[in-house]
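Source file: input_10.cif; contents: mmCIF, C-alpha atoms.
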```cif
data_protein
loop_
_atom_site.label_atom_id
_atom_site.label_comp_id
_atom_site.auth_asym_id
_atom_site.auth_seq_id
_atom_site.Cartn_x
_atom_site.Cartn_y
_atom_site.Cartn_z
CA MET A 1 144.27 45.44 53.39
CA PRO A 2 142.84 47.45 56.33
CA ARG A 3 144.30 46.76 59.72
CA THR A 4 140.90 45.73 61.15
CA ALA A 5 140.85 42.70 58.85
CA LEU A 6 143.88 41.36 60.71
CA LEU A 7 142.32 41.69 64.16
CA SER A 8 140.65 38.70 65.73
CA PRO A 9 137.47 39.26 67.74
CA ASP A 10 139.28 37.84 70.79
CA ASP A 11 142.05 40.44 70.42
CA VAL A 12 139.50 43.23 70.14
CA ILE A 13 137.64 42.06 73.25
CA ALA A 14 140.87 41.64 75.24
CA SER A 15 142.07 45.13 74.27
CA ALA A 16 138.69 46.64 75.11
CA MET A 17 138.66 44.81 78.45
CA ARG A 18 142.04 46.31 79.36
CA ARG A 19 140.76 49.80 78.49
CA PHE A 20 137.59 49.34 80.59
CA TRP A 21 139.63 47.83 83.43
CA ARG A 22 141.95 50.80 83.65
CA HIS A 23 139.54 53.65 82.87
CA GLY A 24 136.06 52.35 83.62
CA TYR A 25 132.98 52.08 81.47
CA HIS A 26 131.76 55.66 81.59
CA ALA A 27 135.19 57.21 81.01
CA THR A 28 135.72 55.06 77.91
CA SER A 29 134.26 56.39 74.67
CA VAL A 30 133.85 54.51 71.42
CA ASP A 31 136.76 56.58 70.09
CA ASP A 32 138.85 55.33 73.01
CA LEU A 33 137.90 51.76 72.09
CA VAL A 34 138.85 52.37 68.45
CA LYS A 35 142.29 53.54 69.63
CA ALA A 36 142.70 50.77 72.21
CA THR A 37 141.66 47.94 69.90
CA GLY A 38 142.85 49.15 66.51
CA ALA A 39 139.42 48.27 65.11
CA SER A 40 137.21 50.70 63.23
CA ARG A 41 133.90 51.89 64.65
CA HIS A 42 132.14 49.75 62.07
CA ALA A 43 134.13 46.68 63.08
CA LEU A 44 133.41 47.27 66.76
CA TYR A 45 129.69 47.40 66.15
CA SER A 46 129.47 44.66 63.53
CA SER A 47 131.66 42.08 65.26
CA SER A 48 131.18 42.90 68.93
CA GLY A 49 127.88 44.75 69.16
CA GLY A 50 129.27 48.05 70.41
CA LYS A 51 130.53 49.49 73.66
CA ARG A 52 128.18 47.82 76.16
CA ASP A 53 128.50 44.40 74.53
CA LEU A 54 132.29 44.72 74.50
CA TYR A 55 132.17 45.57 78.20
CA ARG A 56 130.09 42.48 78.98
CA GLN A 57 132.30 40.28 76.80
CA GLY A 58 135.31 41.70 78.61
CA PHE A 59 134.00 40.20 81.85
CA ALA A 60 134.43 36.69 80.43
CA VAL A 61 137.95 37.50 79.26
CA TYR A 62 138.78 39.01 82.66
CA ARG A 63 137.52 35.92 84.49
CA GLU A 64 139.50 33.62 82.20
CA THR A 65 142.78 35.53 82.05
CA VAL A 66 142.95 37.29 85.43
CA VAL A 67 140.60 35.78 88.01
CA THR A 68 140.92 32.07 87.22
CA PRO A 69 144.74 31.90 87.26
CA ALA A 70 144.94 33.95 90.46
CA PHE A 71 142.11 32.14 92.24
CA ALA A 72 143.12 28.61 91.15
CA PRO A 73 145.14 27.90 94.35
CA VAL A 74 142.05 28.66 96.45
CA GLU A 75 139.85 26.38 94.33
CA ARG A 76 142.22 23.39 94.42
CA ALA A 77 140.94 20.38 96.34
CA GLY A 78 142.26 20.37 99.90
CA ALA A 79 143.58 23.95 99.74
CA GLY A 80 144.48 25.56 103.07
CA LEU A 81 145.00 29.10 104.32
CA ALA A 82 148.28 29.38 102.41
CA ALA A 83 146.21 29.33 99.20
CA ILE A 84 144.33 32.43 100.29
CA ARG A 85 147.60 34.24 100.96
CA CYS A 86 148.86 33.04 97.56
CA TYR A 87 145.76 34.51 95.87
CA PHE A 88 146.17 37.88 97.55
CA GLU A 89 149.89 37.96 96.80
CA ALA A 90 149.35 37.04 93.14
CA GLN A 91 146.90 39.89 92.70
CA ILE A 92 149.14 42.38 94.50
CA ALA A 93 152.03 41.30 92.25
CA VAL A 94 149.84 41.88 89.16
CA ALA A 95 149.00 45.36 90.45
CA GLU A 96 152.70 46.09 90.99
CA ARG A 97 153.58 44.90 87.47
CA GLU A 98 150.78 47.05 86.00
CA GLY A 99 152.00 50.00 88.08
CA LEU A 100 150.47 51.37 91.25
CA PRO A 101 148.20 53.13 91.64
CA GLY A 102 146.68 50.59 89.29
CA PRO A 103 143.43 49.59 87.68
CA GLY A 104 142.15 47.63 90.67
CA CYS A 105 139.80 44.78 89.80
CA LEU A 106 137.46 45.05 86.84
CA VAL A 107 134.68 43.42 88.86
CA ALA A 108 135.27 45.54 91.96
CA ASN A 109 135.21 48.61 89.72
CA ALA A 110 131.96 47.45 88.12
CA THR A 111 130.45 46.88 91.56
CA THR A 112 130.31 50.62 92.11
CA GLU A 113 130.28 52.01 88.57
CA THR A 114 127.90 49.95 86.45
CA ALA A 115 126.24 47.16 88.46
CA PRO A 116 123.91 49.49 90.39
CA HIS A 117 122.41 50.68 87.07
CA ASP A 118 122.72 47.61 84.83
CA PRO A 119 120.99 44.37 85.90
CA GLU A 120 123.07 42.22 83.53
CA ILE A 121 126.33 43.56 84.94
CA ALA A 122 124.92 43.11 88.45
CA ILE A 123 124.40 39.42 87.61
CA GLU A 124 128.03 39.14 86.44
CA VAL A 125 129.28 40.81 89.64
CA ALA A 126 127.10 38.56 91.83
CA ALA A 127 128.37 35.42 90.06
CA HIS A 128 131.97 36.53 90.60
CA ASN A 129 131.32 37.22 94.28
CA ARG A 130 129.62 33.83 94.76
CA ARG A 131 132.64 32.14 93.20
CA LEU A 132 135.09 33.90 95.51
CA LYS A 133 132.95 33.31 98.58
CA ALA A 134 132.55 29.60 97.75
CA GLY A 135 136.30 29.21 97.27
CA PHE A 136 137.08 30.98 100.54
CA ALA A 137 134.43 28.94 102.39
CA GLN A 138 135.87 25.66 101.11
CA VAL A 139 139.37 26.60 102.27
CA LEU A 140 138.05 27.58 105.70
CA ALA A 141 136.15 24.29 105.98
CA ASN A 142 139.29 22.41 104.92
CA GLU A 143 141.39 24.28 107.45
CA SER A 144 139.42 23.66 110.60
CA GLU A 145 136.71 21.25 111.63
CA ALA A 146 136.21 23.43 114.71
CA LEU A 147 134.64 26.23 112.67
CA SER A 148 130.87 26.15 112.61
CA LEU A 149 128.99 26.59 109.34
CA GLU A 150 128.05 30.07 110.55
CA ASP A 151 131.70 30.91 111.21
CA VAL A 152 132.74 29.62 107.79
CA ASP A 153 130.01 31.69 106.12
CA ALA A 154 130.88 34.84 108.07
CA LEU A 155 134.62 34.48 107.45
CA ALA A 156 134.07 33.79 103.75
CA ASP A 157 132.05 37.02 103.55
CA PHE A 158 134.84 38.79 105.43
CA LEU A 159 137.39 37.53 102.89
CA LEU A 160 135.23 38.50 99.93
CA ILE A 161 134.83 42.03 101.26
CA THR A 162 138.56 42.13 102.06
CA ALA A 163 139.41 41.13 98.49
CA GLN A 164 137.15 43.77 96.96
CA GLY A 165 138.50 46.38 99.36
CA LEU A 166 142.12 45.49 98.59
CA TRP A 167 141.60 45.83 94.85
CA SER A 168 139.77 49.13 95.32
CA MET A 169 142.61 50.41 97.51
CA SER A 170 145.15 49.34 94.88
CA ARG A 171 143.75 52.20 92.79
CA THR A 172 144.99 54.71 95.38
CA VAL A 173 148.31 53.43 96.75
CA ALA A 174 151.77 53.92 95.30
CA SER A 175 153.20 50.58 96.45
CA GLY A 176 152.05 47.11 97.41
CA GLN A 177 153.26 47.56 101.01
CA PRO A 178 149.97 48.74 102.55
CA LEU A 179 148.11 45.99 100.71
CA ARG A 180 150.51 43.32 101.98
CA SER A 181 150.31 44.76 105.48
CA HIS A 182 146.55 44.39 105.40
CA VAL A 183 146.82 40.83 104.06
CA ASN A 184 149.23 39.97 106.92
CA THR A 185 146.66 41.25 109.44
CA VAL A 186 143.83 39.34 107.76
CA MET A 187 145.85 36.13 107.65
CA ALA A 188 146.85 36.47 111.32
CA LEU A 189 143.18 36.85 112.25
CA LEU A 190 142.21 33.81 110.18
CA GLU A 191 145.01 31.69 111.62
CA ALA A 192 143.98 32.63 115.14
CA LYS A 193 140.34 31.78 114.38
CA ALA A 194 141.14 28.50 112.64
CA ILE A 195 143.27 27.10 115.50
#
```
Reformat the file's structure so that it appears as structure tokens.
Amino acid sequence: MPRTALLSPDDVIASAMRRFWRHGYHATSVDDLVKATGASRHALYSSSGGKRDLYRQGFAVYRETVVTPAFAPVERAGAGLAAIRCYFEAQIAVAEREGLPGPGCLVANATTETAPHDPEIAIEVAAHNRRLKAGFAQVLANESEALSLEDVDALADFLLITAQGLWSMSRTVASGQPLRSHVNTVMALLEAKAI
């Protein structure tokens, strides 16, 4: 029996997602996807729709397996600033386990590589960014009644841009130290603002 018959569609999508995450959309060929997934070209096209569809499907897998577990502390009811630090630390730890310089964030990578040229990917990126901003805003509102709605909105934007910048920088650094140093600075600024 051919190996592709043993592969589940979920396994193929997850393997493709990891390839896109590390190498990007444009640097990944169909041959690369065949190698990464163990599926034949025919199986990739018949079960998943091909390269672009696999890339889009990989976004859902990435959200479910990477973003949701890491961002869960921020989205918990009543979460405070410690949850934001926990999120950043969890993602830095993932990058260290993967090996730095690492793949960064699939969504941050897509922000510059594919979203400017693909409206459907741009929608995926925007939804991800809205989710992060909403989570950060809720934590900031929980943390301090003294913050105005404008302050909460501005700081949530600041945190969103910080997150995307951190994961982009993780593609260029050899250790988590500069990322943690930046997080320490960000958290000190937030703590000072929230008091």
Each residue of range 4-61 of chain A with at least one atom at most 12 Å from range 89-98 of chain A should appear once, together with its nearest atom pair and the corresponding distance in Å (one decimal); atoms considered: all atoms listed in the file; ordering: chain, then increasing residue number; output as a tab-separated table.
```
residue	atom	partner	partner_atom	distance
A:Arg18	CA	A:Glu98	CA	11.0
A:Trp21	CA	A:Glu98	CA	11.5
A:Arg22	CA	A:Glu98	CA	9.9
```
Exercise: range 42-54 of chain A partners within 12 Å, all atoms listed in the file, chain neighbours under 2 positions left out, as a tab-separated table (two decimals) with C-alpha atoms, in the frame of the given file:
```tsv
chain	number	residue	atom	x	y	z
A	2	PRO	CA	142.84	47.45	56.33
A	3	ARG	CA	144.30	46.76	59.72
A	4	THR	CA	140.90	45.73	61.15
A	5	ALA	CA	140.85	42.70	58.85
A	6	LEU	CA	143.88	41.36	60.71
A	7	LEU	CA	142.32	41.69	64.16
A	8	SER	CA	140.65	38.70	65.73
A	9	PRO	CA	137.47	39.26	67.74
A	10	ASP	CA	139.28	37.84	70.79
A	11	ASP	CA	142.05	40.44	70.42
A	12	VAL	CA	139.50	43.23	70.14
A	13	ILE	CA	137.64	42.06	73.25
A	14	ALA	CA	140.87	41.64	75.24
A	15	SER	CA	142.07	45.13	74.27
A	16	ALA	CA	138.69	46.64	75.11
A	17	MET	CA	138.66	44.81	78.45
A	18	ARG	CA	142.04	46.31	79.36
A	19	ARG	CA	140.76	49.80	78.49
A	20	PHE	CA	137.59	49.34	80.59
A	21	TRP	CA	139.63	47.83	83.43
A	24	GLY	CA	136.06	52.35	83.62
A	25	TYR	CA	132.98	52.08	81.47
A	26	HIS	CA	131.76	55.66	81.59
A	27	ALA	CA	135.19	57.21	81.01
A	28	THR	CA	135.72	55.06	77.91
A	29	SER	CA	134.26	56.39	74.67
A	30	VAL	CA	133.85	54.51	71.42
A	31	ASP	CA	136.76	56.58	70.09
A	32	ASP	CA	138.85	55.33	73.01
A	33	LEU	CA	137.90	51.76	72.09
A	34	VAL	CA	138.85	52.37	68.45
A	35	LYS	CA	142.29	53.54	69.63
A	36	ALA	CA	142.70	50.77	72.21
A	37	THR	CA	141.66	47.94	69.90
A	38	GLY	CA	142.85	49.15	66.51
A	39	ALA	CA	139.42	48.27	65.11
A	40	SER	CA	137.21	50.70	63.23
A	56	ARG	CA	130.09	42.48	78.98
A	57	GLN	CA	132.30	40.28	76.80
A	58	GLY	CA	135.31	41.70	78.61
A	59	PHE	CA	134.00	40.20	81.85
A	60	ALA	CA	134.43	36.69	80.43
A	61	VAL	CA	137.95	37.50	79.26
A	62	TYR	CA	138.78	39.01	82.66
A	114	THR	CA	127.90	49.95	86.45
A	118	ASP	CA	122.72	47.61	84.83
A	120	GLU	CA	123.07	42.22	83.53
A	121	ILE	CA	126.33	43.56	84.94
```
> Trp167 in chain A: which residues within 12 Å, counting all atoms listed in the file, same-chain residues fewer than 5 positions away excluded, as JSON, numbers by chain?
Replying inline: {"A": [21, 88, 89, 90, 91, 92, 93, 94, 95, 96, 100, 101, 102, 103, 104, 105, 106, 107, 108, 109, 110, 111, 160, 161, 162, 172, 173, 176, 178, 179, 180, 182, 183]}
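The interatomic distance for the pair CA of Val74 in chain A and CA of Gly135 in chain A works out to 5.8 Å.
Between Ala137 in chain A and the candidates A:Ala82, A:Met187, A:Ala192, A:Leu159, the tightest atom-to-atom separation, counting all atoms listed in the file, involves A:Leu159.
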>> Would you compute the distance between CA of Ala194 in chain A and CA of Asn142 in chain A? Give it in Å to one decimal.
In response: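 Going from CA of Ala194 in chain A over to CA of Asn142 in chain A, I get 10.0 Å.
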> With all atoms listed in the file as the atoms that count, which of A:Leu81, A:Cys86, A:Ala163, A:Ala115 lies nearest to Gln138 in chain A?
Replying inline: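 Residue with the minimum atom-to-atom distance to Gln138 in chain A: A:Leu81.
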From the structure just shown, export range 172-184 of chain A with all heavy atoms as a PDB file, in the first residue's frame.
```
ATOM      1  N   THR A 172      16.202  36.331  13.704  1.00  0.00           N
ATOM      2  CA  THR A 172      17.552  36.866  13.483  1.00  0.00           C
ATOM      3  C   THR A 172      18.480  36.735  14.679  1.00  0.00           C
ATOM      4  O   THR A 172      19.664  37.040  14.558  1.00  0.00           O
ATOM      5  CB  THR A 172      17.479  38.360  13.099  1.00  0.00           C
ATOM      6  OG1 THR A 172      16.979  39.109  14.206  1.00  0.00           O
ATOM      7  CG2 THR A 172      16.591  38.582  11.880  1.00  0.00           C
ATOM      8  N   VAL A 173      17.974  36.324  15.832  1.00  0.00           N
ATOM      9  CA  VAL A 173      18.808  36.271  17.039  1.00  0.00           C
ATOM     10  C   VAL A 173      19.205  34.837  17.357  1.00  0.00           C
ATOM     11  O   VAL A 173      18.486  33.894  17.025  1.00  0.00           O
ATOM     12  CB  VAL A 173      18.095  36.923  18.251  1.00  0.00           C
ATOM     13  CG1 VAL A 173      17.855  38.402  18.003  1.00  0.00           C
ATOM     14  CG2 VAL A 173      16.793  36.210  18.588  1.00  0.00           C
ATOM     15  N   ALA A 174      20.340  34.696  18.009  1.00  0.00           N
ATOM     16  CA  ALA A 174      20.862  33.366  18.324  1.00  0.00           C
ATOM     17  C   ALA A 174      20.432  32.852  19.689  1.00  0.00           C
ATOM     18  O   ALA A 174      20.634  31.692  20.013  1.00  0.00           O
ATOM     19  CB  ALA A 174      22.392  33.382  18.240  1.00  0.00           C
ATOM     20  N   SER A 175      19.833  33.728  20.509  1.00  0.00           N
ATOM     21  CA  SER A 175      19.354  33.297  21.829  1.00  0.00           C
ATOM     22  C   SER A 175      18.103  34.096  22.183  1.00  0.00           C
ATOM     23  O   SER A 175      17.802  35.122  21.558  1.00  0.00           O
ATOM     24  CB  SER A 175      20.428  33.514  22.905  1.00  0.00           C
ATOM     25  OG  SER A 175      20.432  34.855  23.341  1.00  0.00           O
ATOM     26  N   GLY A 176      17.414  33.628  23.209  1.00  0.00           N
ATOM     27  CA  GLY A 176      16.215  34.324  23.662  1.00  0.00           C
ATOM     28  C   GLY A 176      16.508  35.547  24.509  1.00  0.00           C
ATOM     29  O   GLY A 176      15.596  36.317  24.824  1.00  0.00           O
ATOM     30  N   GLN A 177      17.772  35.780  24.863  1.00  0.00           N
ATOM     31  CA  GLN A 177      18.115  36.876  25.772  1.00  0.00           C
ATOM     32  C   GLN A 177      17.664  38.244  25.275  1.00  0.00           C
ATOM     33  O   GLN A 177      17.034  38.990  26.024  1.00  0.00           O
ATOM     34  CB  GLN A 177      19.626  36.858  26.065  1.00  0.00           C
ATOM     35  CG  GLN A 177      20.077  37.842  27.120  1.00  0.00           C
ATOM     36  CD  GLN A 177      20.239  39.263  26.597  1.00  0.00           C
ATOM     37  OE1 GLN A 177      20.616  39.480  25.442  1.00  0.00           O
ATOM     38  NE2 GLN A 177      19.919  40.240  27.431  1.00  0.00           N
ATOM     39  N   PRO A 178      17.941  38.637  24.023  1.00  0.00           N
ATOM     40  CA  PRO A 178      17.489  39.962  23.597  1.00  0.00           C
ATOM     41  C   PRO A 178      15.966  40.078  23.549  1.00  0.00           C
ATOM     42  O   PRO A 178      15.412  41.156  23.784  1.00  0.00           O
ATOM     43  CB  PRO A 178      18.114  40.161  22.210  1.00  0.00           C
ATOM     44  CG  PRO A 178      18.562  38.823  21.769  1.00  0.00           C
ATOM     45  CD  PRO A 178      18.756  37.990  22.991  1.00  0.00           C
ATOM     46  N   LEU A 179      15.288  38.974  23.275  1.00  0.00           N
ATOM     47  CA  LEU A 179      13.828  38.997  23.271  1.00  0.00           C
ATOM     48  C   LEU A 179      13.295  39.194  24.686  1.00  0.00           C
ATOM     49  O   LEU A 179      12.393  40.006  24.920  1.00  0.00           O
ATOM     50  CB  LEU A 179      13.287  37.699  22.667  1.00  0.00           C
ATOM     51  CG  LEU A 179      13.795  37.335  21.264  1.00  0.00           C
ATOM     52  CD1 LEU A 179      13.267  35.976  20.835  1.00  0.00           C
ATOM     53  CD2 LEU A 179      13.436  38.412  20.254  1.00  0.00           C
ATOM     54  N   ARG A 180      13.867  38.471  25.644  1.00  0.00           N
ATOM     55  CA  ARG A 180      13.450  38.628  27.041  1.00  0.00           C
ATOM     56  C   ARG A 180      13.773  40.022  27.566  1.00  0.00           C
ATOM     57  O   ARG A 180      13.008  40.604  28.329  1.00  0.00           O
ATOM     58  CB  ARG A 180      14.113  37.572  27.915  1.00  0.00           C
ATOM     59  CG  ARG A 180      13.509  36.222  27.768  1.00  0.00           C
ATOM     60  CD  ARG A 180      13.999  35.225  28.818  1.00  0.00           C
ATOM     61  NE  ARG A 180      13.330  33.967  28.590  1.00  0.00           N
ATOM     62  CZ  ARG A 180      13.791  33.008  27.789  1.00  0.00           C
ATOM     63  NH1 ARG A 180      14.962  33.168  27.166  1.00  0.00           N
ATOM     64  NH2 ARG A 180      13.115  31.893  27.609  1.00  0.00           N
ATOM     65  N   SER A 181      14.902  40.551  27.172  1.00  0.00           N
ATOM     66  CA  SER A 181      15.277  41.898  27.588  1.00  0.00           C
ATOM     67  C   SER A 181      14.239  42.906  27.104  1.00  0.00           C
ATOM     68  O   SER A 181      13.820  43.801  27.853  1.00  0.00           O
ATOM     69  CB  SER A 181      16.667  42.237  27.042  1.00  0.00           C
ATOM     70  OG  SER A 181      17.023  43.552  27.386  1.00  0.00           O
ATOM     71  N   HIS A 182      13.808  42.751  25.877  1.00  0.00           N
ATOM     72  CA  HIS A 182      12.784  43.648  25.342  1.00  0.00           C
ATOM     73  C   HIS A 182      11.468  43.474  26.107  1.00  0.00           C
ATOM     74  O   HIS A 182      10.808  44.460  26.444  1.00  0.00           O
ATOM     75  CB  HIS A 182      12.569  43.401  23.848  1.00  0.00           C
ATOM     76  CG  HIS A 182      11.587  44.331  23.236  1.00  0.00           C
ATOM     77  ND1 HIS A 182      11.883  45.641  22.954  1.00  0.00           N
ATOM     78  CD2 HIS A 182      10.280  44.160  22.898  1.00  0.00           C
ATOM     79  CE1 HIS A 182      10.818  46.238  22.452  1.00  0.00           C
ATOM     80  NE2 HIS A 182       9.833  45.350  22.405  1.00  0.00           N
ATOM     81  N   VAL A 183      11.087  42.229  26.361  1.00  0.00           N
ATOM     82  CA  VAL A 183       9.853  41.980  27.123  1.00  0.00           C
ATOM     83  C   VAL A 183       9.944  42.625  28.497  1.00  0.00           C
ATOM     84  O   VAL A 183       8.971  43.233  28.977  1.00  0.00           O
ATOM     85  CB  VAL A 183       9.564  40.466  27.228  1.00  0.00           C
ATOM     86  CG1 VAL A 183       8.464  40.189  28.246  1.00  0.00           C
ATOM     87  CG2 VAL A 183       9.194  39.907  25.856  1.00  0.00           C
ATOM     88  N   ASN A 184      11.098  42.534  29.163  1.00  0.00           N
ATOM     89  CA  ASN A 184      11.260  43.167  30.480  1.00  0.00           C
ATOM     90  C   ASN A 184      11.033  44.673  30.388  1.00  0.00           C
ATOM     91  O   ASN A 184      10.395  45.275  31.256  1.00  0.00           O
ATOM     92  CB  ASN A 184      12.641  42.865  31.058  1.00  0.00           C
ATOM     93  CG  ASN A 184      12.774  41.420  31.486  1.00  0.00           C
ATOM     94  OD1 ASN A 184      11.792  40.738  31.757  1.00  0.00           O
ATOM     95  ND2 ASN A 184      14.001  40.933  31.532  1.00  0.00           N
TER      96      ASN A 184
END
```
